[in-house]
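Source file: query22.pdb. Holds: PDB, C-alpha atoms, pLDDT in the B column.
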```pdb
ATOM      1  CA  MET A  23      15.043 -11.742   6.150  1.00 77.00           C
ATOM      2  CA  ALA A  24      14.197 -11.235   2.482  1.00 88.00           C
ATOM      3  CA  THR A  25      12.865  -7.904   1.251  1.00 97.00           C
ATOM      4  CA  ARG A  26       9.095  -8.174   0.759  1.00 98.00           C
ATOM      5  CA  VAL A  27       7.625  -6.948  -2.532  1.00 98.00           C
ATOM      6  CA  LEU A  28       3.911  -6.449  -3.202  1.00 98.00           C
ATOM      7  CA  ILE A  29       3.006  -6.586  -6.885  1.00 98.00           C
ATOM      8  CA  THR A  30      -0.314  -4.904  -7.667  1.00 98.00           C
ATOM      9  CA  GLU A  31      -1.154  -5.920 -11.218  1.00 97.00           C
ATOM     10  CA  ASN A  32      -4.288  -7.368 -12.814  1.00 95.00           C
ATOM     11  CA  GLU A  33      -2.623  -9.234 -15.699  1.00 96.00           C
ATOM     12  CA  PRO A  34      -1.793 -12.759 -14.428  1.00 96.00           C
ATOM     13  CA  HIS A  35       1.042 -13.323 -16.926  1.00 96.00           C
ATOM     14  CA  ILE A  36       2.758 -10.100 -15.818  1.00 96.00           C
ATOM     15  CA  VAL A  37       2.352 -11.092 -12.151  1.00 97.00           C
ATOM     16  CA  GLU A  38       3.872 -14.482 -12.975  1.00 98.00           C
ATOM     17  CA  SER A  39       6.796 -12.922 -14.845  1.00 97.00           C
ATOM     18  CA  LEU A  40       7.526 -10.335 -12.138  1.00 98.00           C
ATOM     19  CA  THR A  41       7.204 -12.961  -9.392  1.00 98.00           C
ATOM     20  CA  PHE A  42       9.713 -15.203 -11.174  1.00 98.00           C
ATOM     21  CA  ILE A  43      12.354 -12.528 -11.747  1.00 98.00           C
ATOM     22  CA  LEU A  44      12.005 -11.019  -8.268  1.00 98.00           C
ATOM     23  CA  GLN A  45      12.110 -14.386  -6.459  1.00 98.00           C
ATOM     24  CA  ARG A  46      15.150 -15.355  -8.518  1.00 98.00           C
ATOM     25  CA  ALA A  47      16.782 -12.138  -7.279  1.00 97.00           C
ATOM     26  CA  GLY A  48      16.051 -13.123  -3.653  1.00 97.00           C
ATOM     27  CA  TYR A  49      12.905 -11.143  -2.919  1.00 98.00           C
ATOM     28  CA  GLN A  50       9.811 -12.456  -1.111  1.00 98.00           C
ATOM     29  CA  VAL A  51       6.855 -11.710  -3.385  1.00 98.00           C
ATOM     30  CA  SER A  52       3.106 -11.388  -2.893  1.00 98.00           C
ATOM     31  CA  ALA A  53       0.511 -10.091  -5.330  1.00 98.00           C
ATOM     32  CA  ALA A  54      -2.814  -8.265  -5.393  1.00 98.00           C
ATOM     33  CA  LEU A  55      -4.910  -8.423  -8.558  1.00 97.00           C
ATOM     34  CA  ASP A  56      -7.045  -5.329  -7.936  1.00 97.00           C
ATOM     35  CA  GLY A  57      -6.909  -2.051  -6.063  1.00 97.00           C
ATOM     36  CA  GLU A  58      -9.077  -3.086  -3.125  1.00 97.00           C
ATOM     37  CA  ALA A  59      -7.023  -6.244  -2.529  1.00 98.00           C
ATOM     38  CA  ALA A  60      -3.869  -4.113  -2.599  1.00 98.00           C
ATOM     39  CA  VAL A  61      -5.215  -1.734   0.044  1.00 97.00           C
ATOM     40  CA  ARG A  62      -6.246  -4.649   2.285  1.00 97.00           C
ATOM     41  CA  SER A  63      -2.778  -6.174   1.917  1.00 97.00           C
ATOM     42  CA  LEU A  64      -1.052  -2.832   2.632  1.00 97.00           C
ATOM     43  CA  ARG A  65      -3.049  -2.321   5.817  1.00 95.00           C
ATOM     44  CA  ARG A  66      -2.704  -5.930   7.010  1.00 96.00           C
ATOM     45  CA  ASP A  67       0.999  -6.462   6.327  1.00 95.00           C
ATOM     46  CA  PRO A  68       2.851  -3.602   4.607  1.00 96.00           C
ATOM     47  CA  PRO A  69       5.634  -4.747   2.246  1.00 98.00           C
ATOM     48  CA  ASP A  70       9.093  -3.194   1.938  1.00 98.00           C
ATOM     49  CA  ILE A  71       8.344  -1.985  -1.600  1.00 98.00           C
ATOM     50  CA  MET A  72       5.352  -1.953  -3.934  1.00 98.00           C
ATOM     51  CA  LEU A  73       5.164  -2.414  -7.703  1.00 98.00           C
ATOM     52  CA  LEU A  74       1.972  -0.676  -8.777  1.00 98.00           C
ATOM     53  CA  ASP A  75       0.127  -0.790 -12.080  1.00 96.00           C
ATOM     54  CA  ILE A  76      -2.029   2.236 -12.966  1.00 94.00           C
ATOM     55  CA  MET A  77      -4.886   0.523 -14.790  1.00 93.00           C
ATOM     56  CA  LEU A  78      -6.487  -1.699 -12.136  1.00 96.00           C
ATOM     57  CA  PRO A  79     -10.043  -2.783 -11.345  1.00 95.00           C
ATOM     58  CA  LYS A  80     -11.863  -1.363  -8.286  1.00 95.00           C
ATOM     59  CA  LEU A  81      -9.257   1.304  -7.396  1.00 96.00           C
ATOM     60  CA  ASN A  82      -6.738   2.555  -9.947  1.00 96.00           C
ATOM     61  CA  GLY A  83      -3.038   2.992  -9.271  1.00 96.00           C
ATOM     62  CA  PHE A  84      -3.285   6.770  -8.899  1.00 96.00           C
ATOM     63  CA  GLU A  85      -5.939   6.344  -6.175  1.00 97.00           C
ATOM     64  CA  ILE A  86      -3.811   3.763  -4.352  1.00 98.00           C
ATOM     65  CA  LEU A  87      -0.721   5.963  -4.625  1.00 97.00           C
ATOM     66  CA  LYS A  88      -2.637   8.932  -3.133  1.00 98.00           C
ATOM     67  CA  LEU A  89      -3.857   6.714  -0.297  1.00 97.00           C
ATOM     68  CA  ILE A  90      -0.299   5.512   0.442  1.00 97.00           C
ATOM     69  CA  LYS A  91       1.292   8.948   0.351  1.00 96.00           C
ATOM     70  CA  THR A  92      -1.364  10.527   2.631  1.00 97.00           C
ATOM     71  CA  ASP A  93      -1.326   7.708   5.215  1.00 96.00           C
ATOM     72  CA  PRO A  94       1.300   8.308   7.938  1.00 96.00           C
ATOM     73  CA  ALA A  95       1.667   4.533   8.430  1.00 94.00           C
ATOM     74  CA  LEU A  96       2.446   3.972   4.729  1.00 96.00           C
ATOM     75  CA  ASN A  97       3.868   7.197   3.300  1.00 96.00           C
ATOM     76  CA  SER A  98       7.497   6.060   3.493  1.00 96.00           C
ATOM     77  CA  LEU A  99       6.756   2.939   1.410  1.00 97.00           C
ATOM     78  CA  PRO A 100       8.752   3.047  -1.848  1.00 98.00           C
ATOM     79  CA  VAL A 101       6.427   2.702  -4.848  1.00 98.00           C
ATOM     80  CA  LEU A 102       7.564   1.714  -8.332  1.00 98.00           C
ATOM     81  CA  VAL A 103       4.798   2.518 -10.814  1.00 96.00           C
ATOM     82  CA  LEU A 104       4.675   0.068 -13.687  1.00 92.00           C
ATOM     83  CA  SER A 105       2.329   1.023 -16.487  1.00 88.00           C
ATOM     84  CA  ALA A 106       1.512   0.752 -20.160  1.00 86.00           C
ATOM     85  CA  LYS A 107       0.312   4.349 -19.783  1.00 72.00           C
ATOM     86  CA  GLY A 108       3.727   5.817 -20.474  1.00 69.00           C
ATOM     87  CA  GLN A 109       2.649   9.226 -21.719  1.00 83.00           C
ATOM     88  CA  ALA A 110       4.427  12.174 -20.133  1.00 87.00           C
ATOM     89  CA  HIS A 111       1.200  13.284 -18.400  1.00 90.00           C
ATOM     90  CA  ASP A 112       0.741   9.925 -16.632  1.00 89.00           C
ATOM     91  CA  ARG A 113       4.397   9.760 -15.630  1.00 91.00           C
ATOM     92  CA  GLN A 114       4.267  13.330 -14.277  1.00 94.00           C
ATOM     93  CA  LEU A 115       1.027  12.698 -12.380  1.00 95.00           C
ATOM     94  CA  ALA A 116       2.478   9.570 -10.755  1.00 96.00           C
ATOM     95  CA  MET A 117       5.644  11.420  -9.748  1.00 96.00           C
ATOM     96  CA  ASP A 118       3.656  14.421  -8.466  1.00 97.00           C
ATOM     97  CA  ILE A 119       1.549  12.131  -6.257  1.00 97.00           C
ATOM     98  CA  GLY A 120       4.685  10.568  -4.840  1.00 97.00           C
ATOM     99  CA  ALA A 121       5.860   7.610  -6.944  1.00 98.00           C
ATOM    100  CA  ASP A 122       9.528   6.839  -6.362  1.00 97.00           C
ATOM    101  CA  ALA A 123      10.094   5.481  -9.878  1.00 96.00           C
ATOM    102  CA  PHE A 124       8.130   4.861 -13.087  1.00 95.00           C
ATOM    103  CA  VAL A 125       8.750   2.027 -15.552  1.00 93.00           C
ATOM    104  CA  THR A 126       6.826   1.717 -18.800  1.00 91.00           C
ATOM    105  CA  LYS A 127       5.535  -1.641 -20.059  1.00 91.00           C
ATOM    106  CA  PRO A 128       6.894  -3.575 -21.768  1.00 91.00           C
ATOM    107  CA  PHE A 129       9.761  -3.530 -19.295  1.00 93.00           C
ATOM    108  CA  SER A 130      13.138  -5.231 -19.177  1.00 95.00           C
ATOM    109  CA  ASN A 131      13.742  -7.684 -16.342  1.00 95.00           C
ATOM    110  CA  ARG A 132      17.083  -6.060 -15.597  1.00 96.00           C
ATOM    111  CA  ASP A 133      15.477  -2.620 -15.302  1.00 95.00           C
ATOM    112  CA  ILE A 134      12.922  -3.921 -12.786  1.00 97.00           C
ATOM    113  CA  ILE A 135      15.601  -5.606 -10.647  1.00 97.00           C
ATOM    114  CA  GLU A 136      17.811  -2.495 -10.775  1.00 97.00           C
ATOM    115  CA  GLN A 137      14.968  -0.144  -9.819  1.00 97.00           C
ATOM    116  CA  VAL A 138      13.743  -2.365  -6.969  1.00 98.00           C
ATOM    117  CA  GLY A 139      17.296  -2.734  -5.660  1.00 97.00           C
ATOM    118  CA  ARG A 140      17.854   1.043  -5.825  1.00 97.00           C
ATOM    119  CA  LEU A 141      14.594   1.828  -4.024  1.00 97.00           C
ATOM    120  CA  VAL A 142      14.995  -0.670  -1.184  1.00 95.00           C
ATOM    121  CA  SER A 143      18.567   0.426  -0.494  1.00 92.00           C
ATOM    122  CA  ALA A 144      17.748   4.175  -0.597  1.00 79.00           C
TER
END
```
Starting from the coordinates I provided, produce the structure as structure tokens.
Amino acid sequence: MATRVLITENEPHIVESLTFILQRAGYQVSAALDGEAAVRSLRRDPPDIMLLDIMLPKLNGFEILKLIKTDPALNSLPVLVLSAKGQAHDRQLAMDIGADAFVTKPFSNRDIIEQVGRLVSA
């Protein structure tokens, strides 16, 4: 069975790009366009890994990450934070909350595939 990836990103063109490269690499992909939709999806059918943007409507990525890492049913979920907010403070905050990796936008397709592969095989 294919590894299931949940992309939480509010920019449709980024969702489309990530979906394309991940499906081409053999992953099963779903997407949530805002924080509340992501939480509903996580609770209904947790993925094997999550790609999480920081700047999201309704709930931001930091809030979602805190929710994941404090929920016993979700806290082992690998989370790759993907954000245009690449300042050291944002990166450190994401890692302190429990992100497993942090990639700054714009990203390279190869970097995304390598990070996802590393996290799902860890």
For this session: May I ask which of the residues A:Asp70, A:Asp112, A:Asp75, A:Glu58 is the closest one to Glu31 of chain A, counting all atoms listed in the file?
Result: A:Asp75
For this session: Measuring atom to atom with all atoms listed in the file, identify which of A:Arg66, A:Arg140, A:Lys107, A:Lys88 is nearest to Val125 of chain A.
Result: A:Lys107
For this session: Quote the spacing between atom CA of Ala54 of chain A and atom CA of Leu104 of chain A in Å to one decimal place.
Result: 13.9 Å
Exercise. Using all atoms listed in the file, which of the listed residues (A:Arg26, A:Ile76, A:Ser39, A:Val142) sits closest to Ser52 of chain A?
Worked result: A:Arg26
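Interatomic distance, atom CA of Glu85 of chain A to atom CA of Val37 of chain A: 20.2 Å.
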Exercise. From the set A:Ile43, A:Ser63, A:Leu28, A:Gln50, which residue has the shortest atom-to-atom contact distance to Asp133 of chain A, counting only C-alpha atoms?
Worked result: A:Ile43
For this session: Write out as JSON, numbers by chain each polymer residue whose atoms come within 12 Å of segment 129-131 of chain A, counting all atoms listed in the file; drop sequence neighbours fewer than 6 positions from it.
Result: {"A": [36, 39, 40, 41, 42, 43, 44, 46, 47, 103, 104, 105, 106, 108, 137, 138]}
For this session: Spell out the residues picked by the PyMOL selection byres ((chain A and resi 60) around 12) here, as a PyMOL selection string.
Result: chain A and resi 27-32+52-59+61-69+72-75+78-83+85-87+89-90
For this session: For atom CA of Ser143 of chain A and atom CA of Ala95 of chain A, quote the distance in Å rounded to one decimal.
Result: 19.5 Å
Exercise. When distances are computed from all atoms listed in the file, which of A:Pro34, A:Gly48, A:Pro100, A:Pro94 shows the smallest separation from Gly120 of chain A?
Worked result: A:Pro100
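Minimum atom-to-atom distances from A:Ile135, A:Ala121, A:Leu141, A:Ala116 to Ile71 of chain A were compared using all atoms listed in the file, and the lowest value belongs to A:Leu141.
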